[in-house]
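*Asks:* This is the content of input.tsv (TSV, C-alpha atoms):
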chain	number	residue	atom	x	y	z
A	1	MET	CA	54.75	80.34	114.59
A	2	TYR	CA	53.55	83.77	113.55
A	3	GLY	CA	52.56	84.48	117.13
A	4	PHE	CA	56.22	84.55	118.13
A	5	PHE	CA	57.04	87.23	115.56
A	6	ILE	CA	53.99	89.27	116.52
A	7	ALA	CA	55.11	89.09	120.18
A	8	GLN	CA	58.52	90.41	119.18
A	9	ILE	CA	56.95	93.29	117.26
A	10	TYR	CA	54.82	94.23	120.27
A	11	LEU	CA	57.87	94.01	122.55
A	12	ALA	CA	59.88	96.27	120.21
A	13	ALA	CA	57.01	98.75	120.12
A	14	ALA	CA	56.78	98.71	123.94
A	15	ILE	CA	60.50	99.36	124.38
A	16	GLY	CA	60.70	102.06	121.74
A	17	PRO	CA	63.46	102.92	119.32
A	18	TRP	CA	65.78	104.42	121.95
A	19	GLY	CA	65.39	101.34	124.10
A	20	ILE	CA	66.54	99.15	121.23
A	21	VAL	CA	69.52	101.45	120.62
A	22	GLY	CA	70.35	101.21	124.33
A	23	ILE	CA	70.22	97.41	124.28
A	24	VAL	CA	72.45	97.26	121.20
A	25	LEU	CA	74.95	99.67	122.78
A	26	GLY	CA	74.91	97.64	126.02
A	27	VAL	CA	75.64	94.40	124.18
A	28	LEU	CA	78.38	96.12	122.18
A	29	ALA	CA	79.97	97.48	125.36
A	30	ALA	CA	79.89	94.02	126.95
A	31	VAL	CA	81.59	92.46	123.90
A	32	LEU	CA	84.29	95.15	123.89
A	33	ALA	CA	84.93	94.65	127.62
A	34	VAL	CA	85.33	90.88	127.15
A	35	LEU	CA	87.73	91.44	124.24
A	36	TYR	CA	89.74	93.96	126.27
A	37	PHE	CA	90.28	91.61	129.23
A	38	LEU	CA	90.93	88.62	126.98
A	39	GLY	CA	93.52	90.64	125.05
A	40	ARG	CA	95.28	91.68	128.25
A	41	ARG	CA	95.48	88.07	129.39
A	42	LEU	CA	96.90	86.93	126.05
A	43	GLN	CA	99.38	89.80	126.09
A	44	LYS	CA	100.67	88.68	129.51
A	45	LYS	CA	101.05	85.09	128.25
A	46	GLN	CA	102.96	86.31	125.21
A	47	ALA	CA	105.30	88.40	127.37
A	48	GLU	CA	106.05	85.40	129.60
A	49	ALA	CA	106.73	83.22	126.56
A	50	GLN	CA	109.06	85.88	125.11
A	51	VAL	CA	111.09	85.88	128.34
A	52	GLN	CA	111.48	82.10	128.09
A	53	ILE	CA	112.43	82.32	124.41
A	54	ASP	CA	115.10	84.92	125.17
A	55	ALA	CA	116.48	82.80	128.03
A	56	MET	CA	116.79	79.70	125.83
A	57	LYS	CA	118.25	81.52	122.80
A	58	GLN	CA	121.45	80.16	121.29
A	59	TYR	CA	123.27	80.96	118.08
A	60	THR	CA	124.01	78.31	115.49
A	61	SER	CA	124.99	78.09	111.85
A	62	MET	CA	122.62	76.32	109.47
A	63	LEU	CA	122.10	75.79	105.76
A	64	ILE	CA	118.56	76.78	104.78
A	65	ILE	CA	117.24	74.11	102.41
A	66	ASP	CA	113.64	75.22	101.96
A	67	LYS	CA	111.03	77.49	103.50
A	68	LYS	CA	107.26	77.26	103.13
A	69	MET	CA	104.03	78.26	104.79
A	70	LEU	CA	102.55	74.91	105.85
A	71	LYS	CA	99.96	73.52	108.20
A	72	PRO	CA	101.62	71.92	111.23
A	73	LYS	CA	100.49	68.38	110.37
A	74	ASP	CA	102.14	68.67	106.91
A	75	SER	CA	105.31	70.33	108.17
A	76	GLY	CA	107.33	67.38	109.43
A	77	LEU	CA	107.51	68.67	112.98
A	78	PRO	CA	107.79	66.02	115.72
A	79	GLU	CA	104.62	64.63	117.30
A	80	ALA	CA	105.62	66.04	120.69
A	81	ALA	CA	105.65	69.56	119.25
A	82	LEU	CA	102.36	69.05	117.39
A	83	SER	CA	100.58	67.81	120.51
A	84	GLN	CA	101.54	70.98	122.42
A	85	LEU	CA	100.02	73.34	119.85
A	86	PRO	CA	96.80	75.09	120.88
A	87	TRP	CA	93.63	74.06	119.09
A	88	TYR	CA	93.40	77.25	117.04
A	89	ALA	CA	96.94	76.86	115.66
A	90	LYS	CA	96.50	73.33	114.34
A	91	ASN	CA	94.78	74.42	111.11
A	92	THR	CA	96.65	77.66	110.46
A	93	LYS	CA	99.63	77.88	108.16
A	94	MET	CA	102.95	78.44	109.90
A	95	PRO	CA	106.34	79.59	108.56
A	96	ILE	CA	108.28	76.31	108.39
A	97	VAL	CA	111.98	76.21	107.50
A	98	LYS	CA	113.80	73.02	106.53
A	99	ALA	CA	117.45	73.42	107.47
A	100	LYS	CA	120.61	71.39	107.81
A	101	ILE	CA	122.21	71.91	111.20
A	102	GLY	CA	125.49	70.04	111.23
A	103	PRO	CA	124.81	66.58	109.78
A	104	GLN	CA	121.11	66.63	110.70
A	105	ILE	CA	118.19	67.95	108.60
A	106	MET	CA	115.43	69.46	110.73
A	107	SER	CA	112.14	71.26	110.30
A	108	LEU	CA	111.96	74.44	112.34
A	109	VAL	CA	109.35	77.13	112.93
A	110	ALA	CA	110.50	80.67	112.13
A	111	ASP	CA	109.38	84.05	113.34
A	112	LYS	CA	107.26	85.78	110.70
A	113	GLU	CA	109.74	88.66	110.19
A	114	VAL	CA	112.72	86.29	110.05
A	115	PHE	CA	110.93	83.99	107.60
A	116	ASP	CA	110.51	86.81	105.09
A	117	ILE	CA	114.24	87.61	104.95
A	118	LEU	CA	115.78	84.14	105.33
A	119	PRO	CA	117.66	83.32	102.10
A	120	VAL	CA	117.18	79.83	100.67
A	121	LYS	CA	120.23	77.69	99.75
A	122	LYS	CA	122.57	79.82	101.86
A	123	GLU	CA	124.33	79.28	105.15
A	124	CYS	CA	123.11	81.59	107.90
A	125	LYS	CA	123.94	82.20	111.51
A	126	VAL	CA	120.64	82.40	113.38
A	127	ALA	CA	119.36	82.50	116.94
A	128	ILE	CA	117.19	79.52	117.76
A	129	SER	CA	115.20	78.78	120.87
A	130	GLY	CA	114.27	75.12	120.84
A	131	MET	CA	112.66	74.65	117.41
A	132	TYR	CA	111.91	78.35	116.90
A	133	ILE	CA	114.12	80.64	114.79
A	134	THR	CA	113.97	84.04	116.48
A	135	GLU	CA	116.48	86.18	114.60
A	136	ILE	CA	119.07	86.12	111.86
A	137	LYS	CA	122.58	87.33	112.69
A	138	SER	CA	124.52	86.93	109.45
A	139	VAL	CA	124.56	85.29	106.03
A	140	ARG	CA	127.66	83.69	104.59
A	141	GLY	CA	128.71	85.31	101.34
A	142	GLY	CA	126.77	88.54	101.70
A	143	LYS	CA	124.70	90.75	103.90
A	144	ILE	CA	121.33	90.04	105.46
A	145	PRO	CA	118.65	90.71	102.86
A	146	GLU	CA	116.20	93.49	103.59
A	147	LYS	CA	112.55	92.76	104.15
A	148	PRO	CA	110.74	93.08	100.82
A	149	LYS	CA	108.51	96.13	100.60
A	150	LYS	CA	104.86	95.21	100.59
A	151	GLN	CA	103.13	96.13	97.34
A	152	ASN	CA	99.58	97.35	97.08
A	153	PHE	CA	97.04	95.87	94.68
A	154	PHE	CA	97.77	98.22	91.79
A	155	GLN	CA	101.55	97.71	92.04
A	156	ARG	CA	101.11	93.91	91.93
A	157	LEU	CA	98.74	94.24	88.97
A	158	ALA	CA	101.22	96.46	87.10
A	159	ALA	CA	104.06	94.01	87.77
A	160	LYS	CA	101.99	91.09	86.48
A	161	THR	CA	101.01	92.90	83.29
A	162	LYS	CA	104.61	93.99	82.72
A	163	ALA	CA	105.82	90.40	83.14
A	164	ASN	CA	103.11	89.09	80.81
A	165	THR	CA	103.91	91.63	78.09
A	166	ALA	CA	107.64	90.87	78.39
A	167	ALA	CA	106.96	87.13	78.10
A	168	ALA	CA	104.71	87.68	75.08
A	169	ALA	CA	107.33	89.89	73.39
A	170	SER	CA	110.10	87.34	73.96
A	171	SER	CA	107.94	84.51	72.59
A	172	LYS	CA	107.26	86.57	69.40
A	173	LYS	CA	111.00	87.16	68.88
A	174	LYS	CA	111.71	83.43	69.10
A	175	LYS	CA	109.19	82.65	66.34
Would it be possible to restate this file's structure as structure tokens?
*Replies:*
Amino acid sequence: MYGFFIAQIYLAAAIGPWGIVGIVLGVLAAVLAVLYFLGRRLQKKQAEAQVQIDAMKQYTSMLIIDKKMLKPKDSGLPEAALSQLPWYAKNTKMPIVKAKIGPQIMSLVADKEVFDILPVKKECKVAISGMYITEIKSVRGGKIPEKPKKQNFFQRLAAKTKANTAAAASSKKKK
């Protein structure tokens, strides 16, 4: 067992420190090249899918009942849709919207940007492509809400402490 480690030490000494750096850089370059070509292929697939989504887009009015980030198996999507998901998407949380379209209640998948601004318990006119909500056109009884500004860690911490102190102050007044 120790002979294996001693052989590695002798090999490292024979190559030298610059040889080891060269091997590490070579492996790193190979990994980056694989990622580059894989990314290009995925980008082409995404562009083709976007063309199909735009071709199938239609506008409809729906009442948004609920929206949650759920795993596909817990979302209530049909089995046909679940079987077509890639293996890596089966355990990730997806933006699922439960909506009433006409007399029917359906579970739909929303685009991430649309999911953030979709108002719950309101009627909206949205563009859907199959079971995918791609954009929001209008909201009945108001304007389309703006995307909430993302807060950094310190802003979230300050908001939590402010809410906690306000709740503590209101509970003292009631006593």
*Asks:* Between CA of Lys150 in chain A and CA of Ala168 in chain A, what is the spacing in Å?
*Replies:* 26.6 Å
*Asks:* Could you work out how far CA of Ala47 in chain A lies from CA of Lys137 in chain A, giving the answer in Å with one decimal?
*Replies:*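 Rounded to one decimal, the two atoms are 22.7 Å apart.
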*Asks:* Go through A:Lys57, A:Lys125, A:Arg156, A:Lys90 and flag the residue nearest Lys73 in chain A, using only C-alpha atoms for the distances.
*Replies:*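 Closest residue, counting only C-alpha atoms: A:Lys90.
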*Asks:* Please write as a list in words the list of polymer residues whose atoms come within 12 Å of (110.0, 89.6, 111.7), counting all atoms listed in the file and keeping to the coordinates of the file.
*Replies:*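 Those residues lying close to the given coordinates are Pro95, Ala110, Asp111, Lys112, Glu113, Val114, Phe115, Asp116, Ile117, Leu118, Ile133, Thr134, Glu135, Ile136, Glu146, Lys147 and Pro148 of chain A.
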*Asks:* Expressed in Å to a single decimal, how great is the separation between CA of Met62 in chain A and CA of Glu123 in chain A?
*Replies:*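 Computing it gives 5.5 Å between the two atoms.
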*Asks:* Given the point (120.9, 78.2, 112.9) in the file's coordinates, find the residues that have an atom at most 12 Å from it, counting all atoms listed in the file, and give them as number ranges by chain.
*Replies:* A: 57-65, 97-102, 104-110, 114, 118, 122-139
*Asks:* Mind checking which residues fall within 8 Å of range 82-88 of chain A, counting only C-alpha atoms, ignoring those fewer than 4 positions away in the same chain, and posting them as a PyMOL selection string?
*Replies:* chain A and resi 72-73+77-78+92
*Asks:* With 5 Å added on each side, what axis-aligned box encloses every listed atom of range 37-46 of chain A? Give the centre and edge lengths in Å to one decimal, as JSON.
*Replies:*
{"center_x": 96.6, "center_y": 88.4, "center_z": 127.3, "size_x": 22.7, "size_y": 16.6, "size_z": 14.5}
